[in-house]
>>> print(open('input.tsv').read())   # TSV, C-alpha atoms and all ligand atoms
chain	number	residue	atom	x	y	z
M	134	MET	CA	-16.26	-5.87	18.28
M	135	HIS	CA	-17.51	-5.61	14.75
M	136	GLY	CA	-16.59	-3.50	11.75
M	137	GLN	CA	-18.67	-0.98	9.87
M	138	ASP	CA	-18.37	0.20	6.31
M	139	VAL	CA	-16.98	3.61	5.39
M	140	VAL	CA	-18.21	5.48	2.34
M	141	LEU	CA	-16.64	8.59	0.85
M	142	ASP	CA	-19.25	10.22	-1.35
M	143	GLY	CA	-17.72	12.93	-3.53
M	144	VAL	CA	-15.38	13.92	-0.71
M	145	SER	CA	-12.77	16.59	-1.42
M	146	MET	CA	-10.47	18.85	0.60
M	147	ARG	CA	-9.11	22.24	-0.35
M	148	PHE	CA	-6.62	24.29	1.66
M	149	GLY	CA	-6.84	27.82	0.24
M	150	ASP	CA	-6.47	27.37	-3.49
M	151	PHE	CA	-4.58	24.06	-3.14
M	152	THR	CA	-6.67	20.91	-3.52
M	153	ALA	CA	-5.17	18.18	-1.32
M	154	VAL	CA	-7.89	15.63	-2.13
M	155	GLN	CA	-9.82	15.77	-5.42
M	156	PRO	CA	-13.48	14.68	-5.33
M	157	THR	CA	-13.31	11.03	-4.32
M	158	ASP	CA	-15.84	8.17	-4.21
M	159	LEU	CA	-14.68	5.20	-2.19
M	160	THR	CA	-16.39	2.34	-0.36
M	161	ILE	CA	-14.47	0.45	2.32
M	162	ASN	CA	-16.34	-2.68	3.36
M	163	ALA	CA	-17.16	-3.64	6.93
M	164	GLY	CA	-14.43	-5.86	8.38
M	165	GLU	CA	-12.03	-5.18	5.53
M	166	PHE	CA	-8.28	-4.54	5.81
M	167	PHE	CA	-8.07	-1.62	3.43
M	168	SER	CA	-4.87	0.29	2.66
M	169	ILE	CA	-4.31	3.68	1.11
M	170	LEU	CA	-0.90	3.67	-0.57
M	171	GLY	CA	0.88	6.62	-2.11
M	172	PRO	CA	3.94	8.86	-1.92
M	173	SER	CA	4.40	11.47	0.77
M	174	GLY	CA	2.11	14.46	0.28
M	175	CYS	CA	-0.47	12.72	-1.94
M	176	GLY	CA	-3.34	13.29	0.53
M	177	LYS	CA	-3.49	10.07	2.60
M	178	THR	CA	-3.51	11.69	6.03
M	179	THR	CA	-6.02	14.27	4.85
M	180	ILE	CA	-8.45	11.47	3.92
M	181	LEU	CA	-7.94	9.84	7.31
M	182	ARG	CA	-8.54	13.12	9.13
M	183	MET	CA	-11.81	13.59	7.26
M	184	ILE	CA	-12.93	10.08	8.24
M	185	SER	CA	-11.97	10.60	11.89
M	186	GLY	CA	-13.64	14.03	12.01
M	187	PHE	CA	-10.58	16.18	12.72
M	188	LEU	CA	-11.10	17.86	9.35
M	189	ASP	CA	-14.39	18.78	7.66
M	190	PRO	CA	-14.47	18.00	3.91
M	191	THR	CA	-14.74	20.99	1.59
M	192	ALA	CA	-17.39	19.03	-0.28
M	193	GLY	CA	-19.04	15.62	-0.12
M	194	ASP	CA	-20.11	13.33	2.67
M	195	VAL	CA	-18.42	10.70	4.85
M	196	ARG	CA	-20.74	7.89	5.96
M	197	ILE	CA	-19.88	5.22	8.50
M	198	GLY	CA	-22.24	2.29	8.96
M	199	GLY	CA	-24.70	4.06	6.65
M	200	LYS	CA	-24.80	7.19	8.81
M	201	SER	CA	-23.62	10.62	7.66
M	202	MET	CA	-20.80	11.95	9.83
M	203	ALA	CA	-21.51	15.59	8.96
M	204	GLY	CA	-21.35	17.65	12.14
M	205	ILE	CA	-20.36	14.66	14.32
M	206	ARG	CA	-17.33	15.31	16.54
M	207	PRO	CA	-14.32	12.95	16.42
M	208	ASN	CA	-15.01	11.41	19.84
M	209	ALA	CA	-18.63	10.71	18.89
M	210	ARG	CA	-17.61	8.72	15.78
M	211	PRO	CA	-17.16	4.93	15.83
M	212	THR	CA	-13.49	5.39	14.89
M	213	ALA	CA	-10.13	5.27	16.65
M	214	LEU	CA	-6.87	6.64	15.29
M	215	ILE	CA	-3.28	5.42	15.62
M	216	PHE	CA	-0.42	7.66	14.54
M	217	GLN	CA	3.16	7.06	13.56
M	218	ASN	CA	4.46	8.87	16.64
M	219	LEU	CA	2.23	7.27	19.16
M	220	ALA	CA	2.15	9.00	22.51
M	221	LEU	CA	1.74	6.73	25.50
M	222	PHE	CA	1.48	8.38	28.90
M	223	PRO	CA	4.92	7.73	30.43
M	224	LEU	CA	3.86	7.97	34.08
M	225	MET	CA	0.93	5.55	33.74
M	226	SER	CA	1.38	1.80	33.75
M	227	VAL	CA	0.79	-0.14	30.56
M	228	TRP	CA	-2.66	-1.30	31.64
M	229	GLU	CA	-3.68	2.22	32.67
M	230	ASN	CA	-2.63	3.44	29.24
M	231	VAL	CA	-4.78	0.77	27.60
M	232	ALA	CA	-7.78	1.58	29.83
M	233	PHE	CA	-7.43	5.35	29.50
M	234	GLY	CA	-10.38	5.82	27.15
M	235	LEU	CA	-12.61	3.72	29.42
M	236	GLU	CA	-12.03	5.92	32.46
M	237	ALA	CA	-13.31	8.93	30.51
M	238	ARG	CA	-16.44	6.89	29.86
M	239	GLY	CA	-17.00	6.20	33.52
M	240	VAL	CA	-16.20	2.48	33.48
M	241	PRO	CA	-15.36	1.29	37.05
M	242	LYS	CA	-11.73	0.47	37.84
M	243	LYS	CA	-12.19	-3.29	38.27
M	244	VAL	CA	-13.85	-3.61	34.86
M	245	ARG	CA	-11.21	-1.36	33.29
M	246	ARG	CA	-8.48	-3.58	34.65
M	247	GLU	CA	-10.12	-6.77	33.31
M	248	ARG	CA	-10.75	-5.22	29.95
M	249	ALA	CA	-7.13	-3.99	29.73
M	250	GLU	CA	-5.86	-7.52	30.48
M	251	GLU	CA	-8.06	-8.98	27.73
M	252	LEU	CA	-6.74	-6.44	25.25
M	253	LEU	CA	-3.14	-6.98	26.32
M	254	ALA	CA	-3.63	-10.70	25.76
M	255	MET	CA	-4.99	-9.95	22.31
M	256	VAL	CA	-1.82	-8.05	21.37
M	257	ALA	CA	0.41	-10.71	22.98
M	258	LEU	CA	1.41	-8.64	26.02
M	259	THR	CA	-0.07	-10.82	28.77
M	260	GLY	CA	1.57	-10.05	32.11
M	261	GLN	CA	3.10	-6.74	30.99
M	262	GLY	CA	0.32	-4.55	32.43
M	263	GLU	CA	2.20	-3.32	35.52
M	264	LYS	CA	5.23	-2.10	33.58
M	265	LYS	CA	5.81	1.46	32.49
M	266	PRO	CA	5.87	2.13	28.72
M	267	THR	CA	9.61	2.94	28.89
M	268	GLU	CA	10.29	-0.64	30.04
M	269	LEU	CA	8.89	-2.02	26.76
M	270	SER	CA	10.49	-2.31	23.33
M	271	GLY	CA	9.36	-0.16	20.41
M	272	GLY	CA	7.24	-2.94	18.98
M	273	GLN	CA	5.63	-3.65	22.33
M	274	ARG	CA	4.79	0.03	22.80
M	275	GLN	CA	3.19	0.03	19.37
M	276	ARG	CA	1.02	-2.90	20.45
M	277	VAL	CA	0.02	-1.05	23.63
M	278	ALA	CA	-1.11	1.86	21.45
M	279	ILE	CA	-3.19	-0.53	19.35
M	280	ALA	CA	-4.72	-2.10	22.46
M	281	ARG	CA	-5.55	1.38	23.75
M	282	ALA	CA	-7.25	2.28	20.49
M	283	LEU	CA	-9.24	-0.98	20.53
M	284	ALA	CA	-10.33	-0.46	24.17
M	285	VAL	CA	-13.15	1.86	23.18
M	286	GLU	CA	-14.42	-0.80	20.73
M	287	PRO	CA	-14.22	1.21	17.54
M	288	ALA	CA	-15.93	-0.17	14.45
M	289	VAL	CA	-13.22	1.40	12.32
M	290	LEU	CA	-9.53	1.61	13.22
M	291	LEU	CA	-7.57	4.26	11.34
M	292	LEU	CA	-3.82	3.64	11.20
M	293	ASP	CA	-1.57	6.41	9.88
M	294	GLU	CA	1.83	4.92	9.00
M	295	PRO	CA	1.93	3.22	12.41
M	296	LEU	CA	5.07	1.17	11.68
M	297	SER	CA	7.28	3.78	10.05
M	298	ALA	CA	9.20	4.59	13.25
M	299	LEU	CA	10.15	0.92	13.82
M	300	ASP	CA	13.19	-0.85	12.44
M	301	LEU	CA	12.86	-3.06	9.37
M	302	LYS	CA	12.75	-6.43	11.12
M	303	LEU	CA	10.13	-5.32	13.61
M	304	ARG	CA	8.12	-3.68	10.85
M	305	GLN	CA	7.95	-6.95	8.96
M	306	HIS	CA	7.00	-8.87	12.08
M	307	MET	CA	4.27	-6.36	12.95
M	308	ARG	CA	2.69	-6.83	9.50
M	309	SER	CA	1.53	-10.33	10.34
M	310	GLU	CA	0.53	-9.26	13.87
M	311	LEU	CA	-1.67	-6.46	12.56
M	312	LYS	CA	-3.22	-8.72	9.96
M	313	ASP	CA	-3.99	-11.35	12.63
M	314	LEU	CA	-5.43	-8.73	14.95
M	315	GLN	CA	-7.68	-7.41	12.22
M	316	ARG	CA	-8.99	-10.92	11.51
M	317	LYS	CA	-9.51	-11.68	15.20
M	318	THR	CA	-11.41	-8.46	15.94
M	319	GLY	CA	-13.35	-8.09	12.68
M	320	VAL	CA	-12.85	-4.33	12.98
M	321	THR	CA	-12.53	-2.39	9.70
M	322	PHE	CA	-8.88	-1.34	9.34
M	323	ILE	CA	-7.97	1.64	7.16
M	324	TYR	CA	-4.22	1.56	6.92
M	325	ILE	CA	-2.20	4.36	5.44
M	326	THR	CA	1.31	3.85	4.16
M	327	HIS	CA	3.86	4.91	1.57
M	328	ASP	CA	5.38	1.41	1.84
M	329	GLN	CA	4.09	-0.83	-0.92
M	330	GLY	CA	5.33	-4.00	0.81
M	331	GLU	CA	3.11	-3.24	3.80
M	332	ALA	CA	0.09	-2.46	1.67
M	333	LEU	CA	0.45	-5.50	-0.61
M	334	THR	CA	1.06	-8.07	2.13
M	335	MET	CA	-1.64	-7.06	4.63
M	336	SER	CA	-4.57	-5.73	2.65
M	337	ASP	CA	-7.76	-7.20	1.29
M	338	ARG	CA	-7.80	-4.21	-1.06
M	339	VAL	CA	-5.50	-1.29	-1.77
M	340	ALA	CA	-6.23	2.23	-3.02
M	341	VAL	CA	-3.25	3.83	-4.79
M	342	MET	CA	-3.17	7.64	-4.57
M	343	ASN	CA	-1.24	10.26	-6.51
M	344	ARG	CA	-1.58	14.03	-6.10
M	345	GLY	CA	-4.94	13.89	-4.34
M	346	VAL	CA	-6.44	11.38	-6.76
M	347	VAL	CA	-7.25	7.72	-6.08
M	348	GLU	CA	-5.95	6.13	-9.29
M	349	GLN	CA	-6.88	2.51	-8.61
M	350	VAL	CA	-8.73	0.45	-5.99
M	351	ALA	CA	-8.13	-3.29	-6.25
M	352	THR	CA	-6.71	-6.39	-4.61
M	353	SER	CA	-2.94	-6.56	-4.16
M	354	ASP	CA	-2.65	-9.09	-7.00
M	355	GLU	CA	-4.53	-6.87	-9.37
M	356	ILE	CA	-2.58	-3.74	-8.39
M	357	TYR	CA	0.67	-5.58	-9.12
M	358	ASN	CA	-0.34	-7.60	-12.16
M	359	LEU	CA	-2.86	-5.31	-13.80
M	360	PRO	CA	-2.11	-1.70	-12.86
M	361	ALA	CA	-4.66	0.80	-14.18
M	362	THR	CA	-2.37	3.78	-14.80
M	363	PRO	CA	1.30	4.48	-15.55
M	364	PHE	CA	1.64	5.93	-12.05
M	365	VAL	CA	0.35	2.77	-10.37
M	366	ALA	CA	2.45	0.59	-12.69
M	367	SER	CA	5.63	2.46	-11.83
M	368	PHE	CA	4.97	3.19	-8.13
M	369	VAL	CA	4.36	-0.44	-7.19
M	370	GLY	CA	7.30	-2.76	-7.82
M	371	GLU	CA	9.88	-2.44	-10.57
M	372	GLN	CA	9.08	-1.94	-14.23
M	373	ASN	CA	10.77	-1.80	-17.58
M	374	VAL	CA	9.21	0.94	-19.67
M	375	PHE	CA	9.25	1.09	-23.45
M	376	ARG	CA	7.79	4.01	-25.37
M	377	GLY	CA	6.20	3.70	-28.77
M	378	ARG	CA	3.25	4.33	-31.03
M	379	LEU	CA	0.17	2.11	-31.21
M	380	SER	CA	0.00	0.57	-34.67
M	381	GLY	CA	-2.89	-1.87	-34.26
M	382	VAL	CA	-5.44	-3.31	-31.86
M	383	ASP	CA	-6.96	-6.80	-32.04
M	384	GLY	CA	-9.31	-7.32	-29.10
M	385	GLU	CA	-7.15	-7.10	-25.97
M	386	VAL	CA	-3.90	-7.34	-27.89
M	387	ALA	CA	-2.17	-4.16	-28.97
M	388	ARG	CA	0.69	-3.85	-31.44
M	389	VAL	CA	3.22	-1.13	-30.76
M	390	ASP	CA	6.10	0.24	-32.84
M	391	THR	CA	9.03	1.02	-30.56
M	392	PRO	CA	12.67	1.94	-31.17
M	393	GLN	CA	13.40	-1.61	-29.87
M	394	GLY	CA	11.17	-3.20	-32.53
M	395	GLU	CA	7.54	-4.19	-32.79
M	396	MET	CA	5.97	-5.46	-29.55
M	397	LEU	CA	2.64	-7.08	-28.67
M	398	ALA	CA	1.06	-6.38	-25.29
M	399	ARG	CA	-2.24	-6.21	-23.40
M	400	LEU	CA	-4.12	-2.98	-23.88
M	401	ARG	CA	-5.16	-1.25	-20.65
M	402	GLY	CA	-6.97	2.08	-20.82
M	403	LYS	CA	-8.12	3.99	-23.87
M	404	ALA	CA	-5.63	4.30	-26.69
M	405	GLY	CA	-6.22	4.43	-30.46
M	406	VAL	CA	-4.02	3.65	-33.42
M	407	GLY	CA	-1.37	6.34	-33.80
M	408	ASP	CA	-1.38	7.31	-30.11
M	409	GLU	CA	1.82	7.51	-28.12
M	410	VAL	CA	1.86	4.75	-25.52
M	411	MET	CA	3.98	3.15	-22.82
M	412	ILE	CA	4.65	-0.57	-22.43
M	413	PHE	CA	5.33	-1.92	-18.93
M	414	VAL	CA	7.06	-5.26	-18.33
M	415	ARG	CA	8.22	-6.43	-14.89
M	416	PRO	CA	11.88	-7.58	-14.67
M	417	GLU	CA	10.83	-11.05	-13.48
M	418	ARG	CA	8.60	-11.50	-16.52
M	419	MET	CA	11.51	-10.99	-18.88
M	420	GLY	CA	13.88	-13.73	-19.87
M	421	LEU	CA	16.72	-14.46	-22.20
M	422	GLY	CA	15.53	-14.65	-25.79
M	423	THR	CA	16.19	-18.34	-26.13
M	424	ALA	CA	13.79	-19.33	-23.31
M	425	GLY	CA	10.38	-20.73	-24.25
M	426	ALA	CA	11.13	-20.61	-27.98
M	427	GLY	CA	8.43	-22.01	-30.26
M	428	THR	CA	5.75	-22.58	-27.61
M	429	GLU	CA	4.01	-19.21	-27.81
M	430	PRO	CA	4.49	-15.78	-29.34
M	431	ARG	CA	7.20	-13.75	-27.67
M	432	ASN	CA	8.45	-10.24	-28.01
M	433	ARG	CA	12.16	-10.12	-28.63
M	434	LEU	CA	14.71	-7.38	-28.37
M	435	ARG	CA	18.44	-7.09	-28.66
M	436	ALA	CA	20.24	-5.77	-25.59
M	437	THR	CA	23.70	-5.20	-24.18
M	438	ILE	CA	24.37	-6.45	-20.66
M	439	GLU	CA	25.99	-3.68	-18.65
M	440	ARG	CA	26.05	-5.20	-15.18
M	441	ARG	CA	25.16	-8.43	-13.41
M	442	ASP	CA	24.14	-8.49	-9.75
M	443	LEU	CA	23.80	-11.76	-7.89
M	444	GLU	CA	20.99	-11.51	-5.36
M	445	GLY	CA	20.93	-15.08	-4.07
M	446	PRO	CA	17.83	-16.64	-5.58
M	447	PHE	CA	17.81	-14.10	-8.41
M	448	VAL	CA	20.37	-12.85	-10.88
M	449	ASN	CA	19.68	-9.28	-11.95
M	450	LEU	CA	20.92	-8.30	-15.39
M	451	HIS	CA	21.07	-4.56	-16.04
M	452	CYS	CA	20.97	-4.08	-19.78
M	453	ARG	CA	20.45	-1.43	-22.41
M	454	ALA	CA	18.29	-1.82	-25.51
M	455	GLY	CA	18.76	1.27	-27.67
M	456	ASP	CA	17.95	4.19	-25.39
M	457	ALA	CA	15.94	2.10	-22.90
M	458	PRO	CA	17.46	0.66	-19.73
M	459	VAL	CA	16.16	-2.88	-19.23
M	460	THR	CA	16.41	-4.94	-16.04
M	461	VAL	CA	15.90	-8.70	-16.12
M	462	HIS	CA	15.50	-10.83	-12.99
M	463	LEU	CA	16.44	-14.42	-13.78
M	464	PRO	CA	15.93	-17.24	-11.32
M	465	ASN	CA	19.39	-18.36	-10.21
M	466	SER	CA	19.39	-21.80	-11.76
M	467	GLY	CA	23.14	-22.17	-11.49
M	468	ASP	CA	23.42	-22.85	-15.22
M	469	ALA	CA	25.32	-20.99	-17.90
M	470	ALA	CA	22.41	-18.72	-18.83
M	471	SER	CA	22.06	-17.18	-15.39
M	472	SER	CA	25.82	-16.70	-15.08
M	473	LEU	CA	25.85	-14.60	-18.25
M	474	ALA	CA	27.70	-11.46	-17.26
M	475	SER	CA	28.34	-9.30	-20.28
M	476	GLY	CA	27.96	-8.92	-24.02
M	477	GLU	CA	25.03	-8.86	-26.40
M	478	THR	CA	21.96	-10.95	-25.76
M	479	ASP	CA	18.41	-11.49	-26.93
M	480	LEU	CA	15.73	-10.72	-24.37
M	481	GLY	CA	12.14	-11.88	-24.58
M	482	PHE	CA	8.77	-11.59	-22.88
M	483	ARG	CA	5.25	-12.83	-23.45
M	484	PRO	CA	2.66	-10.35	-24.76
M	485	THR	CA	0.39	-11.35	-21.85
M	486	ASP	CA	3.08	-10.20	-19.40
M	487	ALA	CA	3.24	-6.71	-20.89
M	488	ILE	CA	0.74	-3.87	-20.50
M	489	VAL	CA	0.15	-0.97	-22.87
M	490	MET	CA	-1.25	2.33	-21.61
M	491	PRO	CA	-1.60	5.85	-22.94
M	492	VAL	CA	1.40	7.98	-21.95
M	493	GLY	CA	1.01	9.30	-18.41
M	494	GLU	CA	2.84	10.43	-15.31
M	495	LEU	CA	5.36	7.98	-13.84
M	496	ALA	CA	6.24	7.69	-10.16
M	497	ARG	CA	9.56	9.31	-9.31
M	498	GLU	CA	12.36	6.98	-8.29
M	501	LIG	N1	-3.78	22.07	7.16
M	501	LIG	C1	-3.20	22.16	5.96
M	501	LIG	N2	-3.03	23.35	5.32
M	501	LIG	C2	-2.45	23.42	4.12
M	501	LIG	N3	-2.00	22.36	3.43
M	501	LIG	C3	-2.11	21.17	3.99
M	501	LIG	C4	-2.72	20.98	5.27
M	501	LIG	N4	-2.71	19.66	5.58
M	501	LIG	C5	-2.12	19.05	4.53
M	501	LIG	N5	-1.77	19.94	3.57
M	501	LIG	C6	-1.14	19.62	2.27
M	501	LIG	O1	-1.95	18.67	1.61
M	501	LIG	C7	-1.15	17.73	0.93
M	501	LIG	C8	-1.49	16.33	1.40
M	501	LIG	O2	-1.06	16.18	2.74
M	501	LIG	P1	-1.20	14.81	3.53
M	501	LIG	O3	-2.61	14.38	3.45
M	501	LIG	O4	-0.63	15.02	4.88
M	501	LIG	O5	-0.29	13.84	2.67
M	501	LIG	P2	0.26	12.36	3.00
M	501	LIG	O6	-0.35	11.92	4.28
M	501	LIG	O7	-0.13	11.53	1.83
M	501	LIG	O8	1.75	12.48	3.08
M	501	LIG	C9	0.30	18.12	1.17
M	501	LIG	O9	0.75	18.89	0.08
M	501	LIG	C10	0.21	18.95	2.43
M	501	LIG	O10	1.25	19.89	2.47
M	502	MG	MG	0.60	11.39	6.09
>>> encode(input="input.tsv", output="structure tokens")
Amino acid sequence: MHGQDVVLDGVSMRFGDFTAVQPTDLTINAGEFFSILGPSGCGKTTILRMISGFLDPTAGDVRIGGKSMAGIRPNARPTALIFQNLALFPLMSVWENVAFGLEARGVPKKVRRERAEELLAMVALTGQGEKKPTELSGGQRQRVAIARALAVEPAVLLLDEPLSALDLKLRQHMRSELKDLQRKTGVTFIYITHDQGEALTMSDRVAVMNRGVVEQVATSDEIYNLPATPFVASFVGEQNVFRGRLSGVDGEVARVDTPQGEMLARLRGKAGVGDEVMIFVRPERMGLGTAGAGTEPRNRLRATIERRDLEGPFVNLHCRAGDAPVTVHLPNSGDAASSLASGETDLGFRPTDAIVMPVGELARE
């Protein structure tokens, strides 16, 4: 098996006068584990259906392996699709389920059987071929569905929230299995999810979508550490948000007047002096004001601790600074600072750990 690249060239989708996917350019590389991450209803499944051929784009072109897919039926495309609610055939054995697509292609039974066993081995189900799907666990059935999809040797595997019906523990286990399988096969995986943990842990690159628009395409590290828009910043992980007005720019460093005081941060996106902006700082990048004093510039603010939650390795302080709620995740060092439970405190963070962007839409909680 080998992967092919997938290119969306100005692809959009309208249903009546509602635009589910705005014109989108996207290149997914051959052999890449690529995720599309976004809240329910943002257009993820619609993109997948246009790639698989179940939906014709309103405009633009889908190319797979350099070839336009216009007018090519789903079963003639080098893609296979796996849904959330996978449907195995209950009366067929596991191996017959896996080999189902091969029978339609006229592959003789003996070869089908051998091929099914190879695929079952690949998804760690050796020896389970004679069972019925109902005799397997949820995670095992999911792996049968993956083996079935891989049986027809697709160059591109499209996975639409395939883990969302599984329980948490199994979901986490399946993450590493899927990642391994992708590496072993070299097939291009396009993985759709609203679960940021899944997207960040498995993917070579992630596209974050909001309301039919791809807002950022980047590696997991970059999505988390250097979000491109307020939506991406607030959808992925936790954030503290301060609002203010840009009062100066010096290269990459922006100065912002906020109700909590003046703050320095990295400028991301286009903002000019006088513009209203948002500052984003992750809870784990904030500390008590006394930490790191004198070594580098730090932003400081005065806050009142309202609640302390012990979360094992972390202590979460829920504070208020003026009208802004502020959460601080401190490593649980066992010392007096991390056992601080109430009262007034100074909080601090490095300008390089904070990002300034023009005011924009935030993800809903
Ligand atoms: N066939 C359709 N007709 C009308 N609206 C649709 C159709 N399919 C999807 N939509 C709408 O398009 C938007 C995006 O849907 P979808 O791609 O399924 O989102 P996601 O997979 O991100 O949850 C939603 O508002 C949905 O209601
Ligand atoms: Mg969907």
>>> residues_around(input="input.tsv", residues="stretch 296-308 of chain M", least_positions_apart="4", cutoff="12 Å", atoms="all atoms listed in the file", output="PyMOL selection string")
chain M and resi 166+215-219+256-257+270-276+278-279+292+312-315+324-328+330-336
>>> residues_around(input="input.tsv", residues="M:Ala192", least_positions_apart="6", cutoff="8 Å", atoms="all atoms listed in the file", output="MDAnalysis selection string")
chainID M and resid 143:146 156
>>> closest_atom_pairs(input="input.tsv", of="chain M", to="ligand LIG 501 (chain M)", cutoff="12 Å", atoms="all atoms listed in the file", output="CSV")
residue,atom,partner,partner_atom,distance
M:Ser145,CA,M:LIG501,O1,11.4
M:Met146,CA,M:LIG501,O1,8.6
M:Arg147,CA,M:LIG501,N3,8.1
M:Phe148,CA,M:LIG501,C2,4.9
M:Gly149,CA,M:LIG501,C2,7.3
M:Asp150,CA,M:LIG501,C2,9.5
M:Phe151,CA,M:LIG501,N3,7.3
M:Thr152,CA,M:LIG501,O1,7.3
M:Ala153,CA,M:LIG501,O1,4.4
M:Val154,CA,M:LIG501,C8,7.3
M:Gln155,CA,M:LIG501,C8,10.8
M:Ile169,CA,M:LIG501,O7,8.9
M:Leu170,CA,M:LIG501,O7,8.3
M:Gly171,CA,M:LIG501,O7,6.4
M:Pro172,CA,M:LIG501,O7,6.1
M:Ser173,CA,M:LIG501,O8,3.7
M:Gly174,CA,M:LIG501,O5,3.4
M:Cys175,CA,M:LIG501,O7,4.0
M:Gly176,CA,M:LIG501,O3,3.2
M:Lys177,CA,M:LIG501,O7,3.7
M:Thr178,CA,M:LIG501,O6,3.6
M:Thr179,CA,M:LIG501,O3,3.7
M:Ile180,CA,M:LIG501,O3,6.5
M:Leu181,CA,M:LIG501,O3,8.0
M:Arg182,CA,M:LIG501,O3,8.3
M:Met183,CA,M:LIG501,O3,10.0
M:Phe187,CA,M:LIG501,N1,10.6
M:Leu188,CA,M:LIG501,N1,8.7
M:Asp189,CA,M:LIG501,N1,11.1
M:Pro190,CA,M:LIG501,N1,11.9
M:Phe216,CA,M:LIG501,O6,11.1
M:Gln217,CA,M:LIG501,O6,11.0
M:Leu292,CA,M:LIG501,O6,11.3
M:Asp293,CA,M:LIG501,O6,8.0
M:Glu294,CA,M:LIG501,O6,8.7
M:Tyr324,CA,M:LIG501,O6,11.4
M:Ile325,CA,M:LIG501,O6,7.9
M:Thr326,CA,M:LIG501,O7,8.2
M:His327,CA,M:LIG501,O7,7.7
M:Asp328,CA,M:LIG501,O7,11.5
M:Val341,CA,M:LIG501,O7,10.6
M:Met342,CA,M:LIG501,O7,8.1
M:Asn343,CA,M:LIG501,O7,8.5
M:Arg344,CA,M:LIG501,C8,7.8
M:Gly345,CA,M:LIG501,C8,7.1
M:Val346,CA,M:LIG501,O7,10.7
M:Val347,CA,M:LIG501,O7,11.3
>>> atom_distance(input="input.tsv", atom1="atom CA of M:Val410", atom2="atom CA of M:Asn432")
16.6 Å
>>> residues_around(input="input.tsv", residues="stretch 374-386 of chain M", least_positions_apart="4", cutoff="10 Å", atoms="all atoms listed in the file", output="JSON, numbers by chain")
{"M": [363, 366, 367, 390, 391, 392, 393, 394, 395, 396, 397, 398, 399, 400, 401, 404, 405, 406, 407, 408, 409, 410, 411, 412, 413, 414, 415, 454, 456, 457, 458, 459, 460, 484, 485, 487, 488, 489, 490, 491, 492, 495]}
>>> closest_residue(input="input.tsv", among="M:Val350, M:Leu252, M:Met202, M:Leu269", to="M:Lys317", atoms="all atoms listed in the file")
M:Leu252
>>> closest_residue(input="input.tsv", among="M:Pro295, M:Asp194, M:Pro223, M:Asp138", to="ligand MG 502 (chain M)", atoms="only C-alpha atoms and all ligand atoms")
M:Pro295
>>> closest_residue(input="input.tsv", among="M:Leu359, M:Val227, M:Ile184, M:Val240", to="M:Arg281", atoms="all atoms listed in the file")
M:Val227
>>> atom_distance(input="input.tsv", atom1="atom CA of M:Gly422", atom2="atom CA of M:Glu444")
21.4 Å
>>> atom_distance(input="input.tsv", atom1="atom CA of M:Ala284", atom2="atom CA of M:Glu310")
17.4 Å
>>> residues_near_point(input="input.tsv", point="(-14.5, 0.4, 15.6)", cutoff="8 Å", atoms="only C-alpha atoms", output="list in words")
Met134, His135, Gly136, Gln137, Pro211, Thr212, Ala213, Leu283, Val285, Glu286, Pro287, Ala288, Val289, Leu290, Val320 and Thr321 of chain M
>>> residues_around(input="input.tsv", residues="M:Arg418", least_positions_apart="3", cutoff="8 Å", atoms="only C-alpha atoms", output="list in words")
Val414, Arg415, Val461, His462, Phe482, Arg483 and Asp486 of chain M
>>> residues_around(input="input.tsv", residues="stretch 354-356 of chain M", least_positions_apart="2", cutoff="10 Å", atoms="all atoms listed in the file", output="ChimeraX atom specification")
/M:333-334,337-341,349-352,358-362,365-366,369-370
>>> write_last_selection(input="input.tsv", atoms="C-alpha atoms", output="PDB file, in the frame of the given file")
ATOM      1  CA  LEU M 333       0.450  -5.500  -0.610  1.00  0.00           C
ATOM      2  CA  THR M 334       1.060  -8.070   2.130  1.00  0.00           C
ATOM      3  CA  ASP M 337      -7.760  -7.200   1.290  1.00  0.00           C
ATOM      4  CA  ARG M 338      -7.800  -4.210  -1.060  1.00  0.00           C
ATOM      5  CA  VAL M 339      -5.500  -1.290  -1.770  1.00  0.00           C
ATOM      6  CA  ALA M 340      -6.230   2.230  -3.020  1.00  0.00           C
ATOM      7  CA  VAL M 341      -3.250   3.830  -4.790  1.00  0.00           C
ATOM      8  CA  GLN M 349      -6.880   2.510  -8.610  1.00  0.00           C
ATOM      9  CA  VAL M 350      -8.730   0.450  -5.990  1.00  0.00           C
ATOM     10  CA  ALA M 351      -8.130  -3.290  -6.250  1.00  0.00           C
ATOM     11  CA  THR M 352      -6.710  -6.390  -4.610  1.00  0.00           C
ATOM     12  CA  ASN M 358      -0.340  -7.600 -12.160  1.00  0.00           C
ATOM     13  CA  LEU M 359      -2.860  -5.310 -13.800  1.00  0.00           C
ATOM     14  CA  PRO M 360      -2.110  -1.700 -12.860  1.00  0.00           C
ATOM     15  CA  ALA M 361      -4.660   0.800 -14.180  1.00  0.00           C
ATOM     16  CA  THR M 362      -2.370   3.780 -14.800  1.00  0.00           C
ATOM     17  CA  VAL M 365       0.350   2.770 -10.370  1.00  0.00           C
ATOM     18  CA  ALA M 366       2.450   0.590 -12.690  1.00  0.00           C
ATOM     19  CA  VAL M 369       4.360  -0.440  -7.190  1.00  0.00           C
ATOM     20  CA  GLY M 370       7.300  -2.760  -7.820  1.00  0.00           C
TER      21      GLY M 370
END
>>> closest_residue(input="input.tsv", among="M:Ala237, M:Ala387, M:Met255, M:Arg435", to="M:Gly402", atoms="all atoms listed in the file")
M:Ala387
